[in-house]
>>> print(open('my_file13.csv').read())   # CSV, C-alpha atoms and all ligand atoms
chain,number,residue,atom,x,y,z
K,637,MET,CA,16.2,0.2,-10.8
K,638,ASP,CA,18.7,2.7,-9.5
K,639,GLY,CA,17.9,5.4,-6.8
K,640,SER,CA,16.9,4.8,-3.3
K,641,LEU,CA,13.8,6.3,-1.6
K,642,LYS,CA,15.3,5.8,1.8
K,643,ASN,CA,13.7,8.0,4.5
K,644,LYS,CA,10.9,9.0,2.1
K,645,ILE,CA,7.3,8.4,3.1
K,646,ILE,CA,4.9,7.4,0.4
K,647,VAL,CA,1.2,7.4,1.3
K,648,LEU,CA,-0.4,5.1,-1.3
K,649,GLY,CA,-4.1,5.5,-1.9
K,650,VAL,CA,-5.7,2.4,-3.5
K,651,THR,CA,-9.1,2.8,-5.0
K,652,GLY,CA,-11.8,0.5,-6.5
K,653,SER,CA,-10.4,-0.3,-9.9
K,654,ILE,CA,-9.9,-3.7,-11.3
K,655,ALA,CA,-6.2,-2.7,-11.4
K,656,ALA,CA,-6.1,-2.5,-7.6
K,657,TYR,CA,-4.3,-5.9,-7.5
K,658,LYS,CA,-1.3,-4.1,-9.1
K,659,SER,CA,-0.9,-2.0,-6.0
K,660,ALA,CA,0.7,-5.0,-4.3
K,661,ASP,CA,3.5,-4.8,-6.8
K,662,ILE,CA,3.8,-1.1,-6.4
K,663,VAL,CA,4.2,-1.5,-2.6
K,664,SER,CA,6.7,-4.2,-3.1
K,665,HIS,CA,8.9,-2.1,-5.5
K,666,LEU,CA,8.7,0.9,-3.2
K,667,LYS,CA,9.8,-1.2,-0.3
K,668,LYS,CA,12.8,-2.6,-2.3
K,669,LEU,CA,13.7,1.1,-2.9
K,670,GLU,CA,13.6,1.5,1.0
K,671,ALA,CA,10.7,3.8,1.1
K,672,GLU,CA,8.4,3.9,4.1
K,673,VAL,CA,4.9,3.0,2.7
K,674,PHE,CA,1.5,3.6,4.3
K,675,VAL,CA,-1.4,2.3,2.3
K,676,VAL,CA,-4.9,3.8,2.5
K,677,MET,CA,-7.7,2.0,0.8
K,678,THR,CA,-11.3,3.0,-0.2
K,679,ARG,CA,-14.1,0.6,0.8
K,680,GLU,CA,-14.4,-0.4,-2.9
K,681,ALA,CA,-10.7,-1.1,-3.2
K,682,ARG,CA,-11.1,-3.8,-0.5
K,683,GLU,CA,-13.4,-5.7,-2.9
K,684,PHE,CA,-10.4,-6.1,-5.2
K,685,ILE,CA,-7.5,-6.7,-2.9
K,686,THR,CA,-7.2,-7.4,0.8
K,687,PRO,CA,-5.8,-5.0,3.4
K,688,MET,CA,-3.8,-8.0,4.8
K,689,THR,CA,-1.8,-8.3,1.5
K,690,LEU,CA,-0.9,-4.7,1.5
K,691,GLN,CA,-0.2,-4.6,5.2
K,692,THR,CA,2.2,-7.5,4.9
K,693,LEU,CA,4.0,-6.1,1.9
K,694,SER,CA,4.2,-2.5,3.3
K,695,HIS,CA,5.1,-3.6,6.9
K,696,ASN,CA,2.6,-1.0,8.1
K,697,PRO,CA,-1.0,-1.1,9.1
K,698,VAL,CA,-3.5,-0.3,6.3
K,699,SER,CA,-6.1,2.3,6.9
K,700,SER,CA,-9.5,2.7,5.3
K,701,ASP,CA,-11.7,4.3,7.9
K,702,LEU,CA,-11.8,8.0,8.6
K,703,TRP,CA,-13.0,7.2,12.1
K,704,GLU,CA,-10.2,4.7,13.0
K,705,GLU,CA,-8.2,5.9,15.9
K,706,GLY,CA,-4.7,7.1,14.9
K,707,ASN,CA,-1.5,6.4,16.8
K,708,GLY,CA,-1.6,9.6,18.8
K,709,TRP,CA,-4.0,12.4,19.5
K,710,GLN,CA,-4.1,13.6,15.9
K,711,PRO,CA,-6.9,12.4,13.6
K,712,GLY,CA,-5.5,9.6,11.3
K,713,HIS,CA,-6.0,11.6,8.1
K,714,ILE,CA,-4.1,14.6,9.4
K,715,GLU,CA,-1.2,12.4,10.6
K,716,LEU,CA,-0.9,10.7,7.2
K,717,ALA,CA,-1.3,13.9,5.3
K,718,ASP,CA,1.4,15.6,7.3
K,719,LYS,CA,4.0,12.9,7.2
K,720,ALA,CA,3.7,12.1,3.4
K,721,ASP,CA,6.5,13.2,1.1
K,722,VAL,CA,4.3,12.0,-1.8
K,723,LEU,CA,0.6,11.1,-1.9
K,724,LEU,CA,0.4,8.5,-4.7
K,725,ILE,CA,-3.1,7.4,-5.9
K,726,ALA,CA,-2.7,4.2,-7.9
K,727,PRO,CA,-4.9,3.0,-9.3
K,728,ALA,CA,-7.2,6.1,-9.3
K,729,THR,CA,-10.8,5.6,-10.2
K,730,ALA,CA,-13.0,8.1,-12.2
K,731,ASN,CA,-14.9,8.5,-8.9
K,732,ILE,CA,-11.8,9.5,-6.7
K,733,ILE,CA,-10.6,11.8,-9.5
K,734,SER,CA,-14.0,13.5,-9.4
K,735,CYS,CA,-14.0,13.8,-5.6
K,736,PHE,CA,-10.5,15.4,-5.7
K,737,ALA,CA,-11.4,17.8,-8.5
K,738,HIS,CA,-14.5,18.9,-6.6
K,739,GLY,CA,-12.9,19.0,-3.1
K,740,LEU,CA,-15.2,16.4,-1.7
K,741,ALA,CA,-13.9,14.7,1.4
K,742,PRO,CA,-16.4,11.9,2.4
K,743,ASP,CA,-13.7,9.3,3.3
K,744,LEU,CA,-10.1,8.8,4.4
K,745,ILE,CA,-8.3,9.2,1.1
K,746,THR,CA,-10.2,12.3,0.0
K,747,SER,CA,-9.7,13.9,3.4
K,748,ILE,CA,-5.9,13.2,3.2
K,749,TYR,CA,-5.9,14.7,-0.3
K,750,LEU,CA,-7.4,18.0,1.0
K,751,ALA,CA,-5.1,18.0,4.1
K,752,THR,CA,-1.7,17.3,2.5
K,753,LEU,CA,0.9,19.7,1.2
K,754,ALA,CA,2.8,16.7,-0.3
K,755,GLN,CA,3.2,16.3,-4.0
K,756,VAL,CA,0.2,14.4,-5.3
K,757,ILE,CA,0.7,11.9,-8.1
K,758,ILE,CA,-2.4,10.3,-9.7
K,759,ALA,CA,-2.3,7.2,-11.8
K,760,PRO,CA,-5.8,6.7,-13.4
K,761,ALA,CA,-7.0,3.3,-14.5
K,762,MET,CA,-10.4,2.8,-16.1
K,763,ASN,CA,-12.4,1.9,-19.1
K,764,SER,CA,-11.5,4.2,-22.0
K,765,LYS,CA,-15.0,5.5,-22.3
K,766,MET,CA,-14.9,6.6,-18.7
K,767,LEU,CA,-11.4,8.1,-19.3
K,768,PHE,CA,-12.5,10.1,-22.3
K,769,HIS,CA,-15.9,11.2,-20.8
K,770,PRO,CA,-15.9,15.0,-20.8
K,771,ALA,CA,-16.5,14.9,-17.0
K,772,THR,CA,-13.4,12.8,-16.4
K,773,LYS,CA,-11.3,14.8,-18.9
K,774,ASN,CA,-12.3,18.0,-17.2
K,775,ASN,CA,-11.6,16.7,-13.7
K,776,LEU,CA,-8.1,15.5,-14.8
K,777,LYS,CA,-7.4,19.0,-16.2
K,778,VAL,CA,-8.5,20.6,-13.0
K,779,LEU,CA,-6.1,18.4,-11.0
K,780,ALA,CA,-3.2,19.0,-13.5
K,781,ASP,CA,-3.8,22.8,-13.4
K,782,ARG,CA,-3.7,22.5,-9.6
K,783,GLY,CA,-0.2,21.0,-9.8
K,784,ASN,CA,-1.1,17.4,-9.2
K,785,ILE,CA,0.9,15.0,-11.5
K,786,ILE,CA,-1.3,12.9,-13.7
K,787,ILE,CA,0.4,9.7,-15.0
K,788,ASP,CA,-1.1,9.1,-18.4
K,789,PRO,CA,-2.7,5.6,-18.5
K,790,ASP,CA,-1.4,3.1,-21.1
K,791,GLN,CA,-3.1,1.7,-24.2
K,792,GLY,CA,-3.9,-2.0,-24.4
K,793,MET,CA,-6.5,-4.7,-23.7
K,794,LEU,CA,-8.6,-3.5,-20.8
K,795,ALA,CA,-10.1,-5.8,-18.2
K,796,CYS,CA,-13.6,-4.8,-19.4
K,797,GLY,CA,-12.9,-6.5,-22.8
K,798,TYR,CA,-12.2,-3.3,-24.8
K,799,GLU,CA,-9.0,-2.5,-26.5
K,800,GLY,CA,-8.1,1.2,-25.7
K,801,LYS,CA,-6.5,3.6,-23.4
K,802,GLY,CA,-7.1,3.3,-19.7
K,803,LYS,CA,-4.7,0.7,-18.3
K,804,LEU,CA,-2.7,1.7,-15.2
K,805,SER,CA,0.6,3.0,-16.3
K,806,SER,CA,3.6,0.7,-15.9
K,807,ILE,CA,5.2,0.4,-12.4
K,808,GLU,CA,8.5,1.6,-14.0
K,809,SER,CA,6.9,4.8,-15.1
K,810,ILE,CA,5.2,5.3,-11.7
K,811,LEU,CA,8.4,4.7,-9.8
K,812,SER,CA,10.4,7.0,-12.1
K,813,ILE,CA,8.0,9.8,-11.6
K,814,ILE,CA,8.1,9.4,-7.8
K,815,LYS,CA,11.9,9.4,-7.9
K,816,SER,CA,12.1,12.6,-10.0
K,817,CYS,CA,9.6,14.3,-7.7
K,818,LEU,CA,11.7,13.5,-4.7
K,819,SER,CA,15.2,14.0,-6.2
K,901,LIG,C1,-15.4,-5.3,-11.5
K,901,LIG,C2,-15.4,-3.8,-11.4
K,901,LIG,C3,-14.3,-3.1,-11.9
K,901,LIG,C4,-14.2,-1.7,-11.9
K,901,LIG,N1,-13.0,-1.1,-12.4
K,901,LIG,C5,-13.0,0.2,-12.4
K,901,LIG,C6,-11.8,0.8,-12.9
K,901,LIG,O1,-10.9,0.2,-13.4
K,901,LIG,N2,-11.8,2.2,-12.9
K,901,LIG,C7,-12.8,3.0,-12.4
K,901,LIG,O2,-12.7,4.2,-12.4
K,901,LIG,N3,-13.9,2.3,-11.8
K,901,LIG,C8,-14.0,1.0,-11.8
K,901,LIG,N4,-15.1,0.4,-11.2
K,901,LIG,C9,-16.2,1.2,-10.6
K,901,LIG,C10,-15.7,1.7,-9.2
K,901,LIG,O3,-15.4,0.5,-8.4
K,901,LIG,C11,-16.8,2.5,-8.6
K,901,LIG,O4,-17.0,3.8,-9.3
K,901,LIG,C12,-16.5,2.8,-7.1
K,901,LIG,O5,-17.6,3.7,-6.6
K,901,LIG,C13,-15.2,3.5,-6.9
K,901,LIG,O6,-15.0,3.8,-5.6
K,901,LIG,P1,-13.7,4.5,-5.0
K,901,LIG,O7,-13.3,5.6,-6.0
K,901,LIG,O8,-14.2,5.1,-3.7
K,901,LIG,O9,-12.7,3.5,-4.8
K,901,LIG,C14,-15.2,-1.0,-11.3
K,901,LIG,C15,-16.3,-1.7,-10.7
K,901,LIG,C16,-16.4,-3.0,-10.8
K,901,LIG,C17,-17.6,-3.7,-10.2
>>> encode(input="my_file13.csv", output="C-alpha cells", more="lines below")
Ligand SMILES: Cc1cc2nc3c(=O)[nH]c(=O)nc-3n(C[C@H](O)[C@H](O)[C@H](O)COP(=O)(O)O)c2cc1C
Amino acid sequence: MDGSLKNKIIVLGVTGSIAAYKSADIVSHLKKLEAEVFVVMTREAREFITPMTLQTLSHNPVSSDLWEEGNGWQPGHIELADKADVLLIAPATANIISCFAHGLAPDLITSIYLATLAQVIIAPAMNSKMLFHPATKNNLKVLADRGNIIIDPDQGMLACGYEGKGKLSSIESILSIIKSCLS
C-alpha cells in the first residue's frame, strides 16, 4: 500500500474482543508504513493476545496499567495522550465505546482517550446484537458527533456463530482512514 506514515505516532488501544488477535496484523502493517506504534491494552485484551506479541511487533513496550511508571516524570497516560498523532482503538468493544461516550476513565485507555487532542479512530468489533443494541448505537452516535471517526464494522460470519454485521473492518480500510487523517 502506498503512503508512508514516517514520523507519525499511532497509539493503538486493543480491547477485549475476540478480534484482538487482528491487532498484531494492524501493528505489523503500521510498522511497514514506518509509523511509530505504541500499544495500550485493556486487562481483558490480554486474555486474547499477549503483550509480548504486540511489543515484539511494535518495537515498543506495551502498557496496560494506569499505575505503571512512565519514562519520565509525566504519568504514562498523559505522555501517550500528548505524543499521539492518532489514537486508534481496534478492536473496540461495546464496553470501551460506552466508557468513551460517558467520559469514564477507570483504566489506561480510557484515561488516554480523555486526555488526548489527537484524532480518535474507533473500529468496533462485536456480536451484531451488541452492535445494534440501542445503548451501543447511541454511544457510537455520541462519539461520532464528538468528531471521533467510527469505522463501520463489516458483515460476515462472526466468531460467536452468527452471520451478521460486527466483524472488525478490514486492515486496508483501517489503514486508509489513518492515512487520510494524517495527510
Ligand atoms: C470469548 C469472548 C469474546 C468476546 N468478544 C467480544 C467482542 O468481540 N466485542 C465485545 O464488545 N465484547 C466481547 N467480549 C466481552 C468483553 O470481553 C467484555 O465486555 C469486557 O468487559 C471488555 O473489556 P474492555 O472493553 O475493557 O476490553 C467477549 C468476551 C468473551 C469471553
>>> closest_atom_pairs(input="my_file13.csv", of="chain K", to="ligand LIG 901 (chain K)", cutoff="6 Å", atoms="all atoms listed in the file", output="CSV")
residue,atom,partner,partner_atom,distance
K:Thr651,CA,K:LIG901,O9,3.7
K:Gly652,CA,K:LIG901,O9,3.6
K:Ser653,CA,K:LIG901,C6,3.5
K:Ile654,CA,K:LIG901,N1,4.2
K:Ala655,CA,K:LIG901,O1,5.9
K:Thr678,CA,K:LIG901,O9,4.8
K:Glu680,CA,K:LIG901,O9,4.7
K:Ala681,CA,K:LIG901,O9,5.3
K:Thr729,CA,K:LIG901,O2,3.2
K:Ala730,CA,K:LIG901,O2,3.9
K:Asn731,CA,K:LIG901,O7,4.4
K:Ile732,CA,K:LIG901,O7,4.2
K:Ala761,CA,K:LIG901,O1,5.1
K:Met762,CA,K:LIG901,N2,3.5
>>> closest_residue(input="my_file13.csv", among="K:Met677, K:Ala660, K:Ile810, K:Cys796", to="Lys765 of chain K", atoms="all atoms listed in the file")
K:Cys796
>>> closest_residue(input="my_file13.csv", among="K:Ile813, K:Ile758, K:Leu648, K:Val722", to="Leu776 of chain K", atoms="all atoms listed in the file")
K:Ile758
>>> closest_residue(input="my_file13.csv", among="K:Arg679, K:His665, K:Arg782, K:His713", to="Val650 of chain K", atoms="all atoms listed in the file")
K:Arg679
>>> atom_distance(input="my_file13.csv", atom1="atom CA of Asp721 of chain K", atom2="atom CA of Phe736 of chain K")
18.4 Å
>>> build_atoms(input="my_file13.csv", residues="segment 743-759 of chain K", atoms="N, CA and C atoms", output="compact mmCIF listing (two decimals), keeping the file's coordinate frame")
# COMPACT_ATOMS: atom_id res chain seq x y z
N ASP K 743 -14.36 10.47 2.74
CA ASP K 743 -13.70 9.30 3.30
C ASP K 743 -12.21 9.61 3.61
N LEU K 744 -11.47 8.58 3.96
CA LEU K 744 -10.10 8.80 4.40
C LEU K 744 -9.19 9.37 3.30
N ILE K 745 -9.22 8.74 2.13
CA ILE K 745 -8.30 9.20 1.10
C ILE K 745 -8.61 10.61 0.64
N THR K 746 -9.87 10.92 0.47
CA THR K 746 -10.20 12.30 0.00
C THR K 746 -9.89 13.31 1.08
N SER K 747 -10.00 12.93 2.35
CA SER K 747 -9.70 13.90 3.40
C SER K 747 -8.15 14.09 3.47
N ILE K 748 -7.38 13.02 3.24
CA ILE K 748 -5.90 13.20 3.20
C ILE K 748 -5.55 14.09 2.03
N TYR K 749 -6.19 13.87 0.91
CA TYR K 749 -5.90 14.70 -0.30
C TYR K 749 -6.04 16.19 0.04
N LEU K 750 -7.12 16.54 0.71
CA LEU K 750 -7.40 18.00 1.00
C LEU K 750 -6.39 18.49 2.07
N ALA K 751 -5.93 17.58 2.92
CA ALA K 751 -5.10 18.00 4.10
C ALA K 751 -3.64 18.02 3.83
N THR K 752 -3.20 17.47 2.69
CA THR K 752 -1.70 17.30 2.50
C THR K 752 -1.13 18.44 1.71
N LEU K 753 0.14 18.74 2.03
CA LEU K 753 0.90 19.70 1.20
C LEU K 753 1.95 18.87 0.39
N ALA K 754 1.89 17.55 0.47
CA ALA K 754 2.80 16.70 -0.30
C ALA K 754 2.48 16.77 -1.78
N GLN K 755 3.49 16.42 -2.59
CA GLN K 755 3.20 16.30 -4.00
C GLN K 755 2.21 15.16 -4.24
N VAL K 756 1.18 15.43 -5.02
CA VAL K 756 0.20 14.40 -5.30
C VAL K 756 0.42 13.86 -6.71
N ILE K 757 0.48 12.53 -6.80
CA ILE K 757 0.70 11.90 -8.10
C ILE K 757 -0.53 10.92 -8.29
N ILE K 758 -1.17 11.08 -9.41
CA ILE K 758 -2.40 10.30 -9.70
C ILE K 758 -2.23 9.45 -10.90
N ALA K 759 -2.45 8.15 -10.73
CA ALA K 759 -2.30 7.20 -11.80
C ALA K 759 -3.70 6.62 -12.14
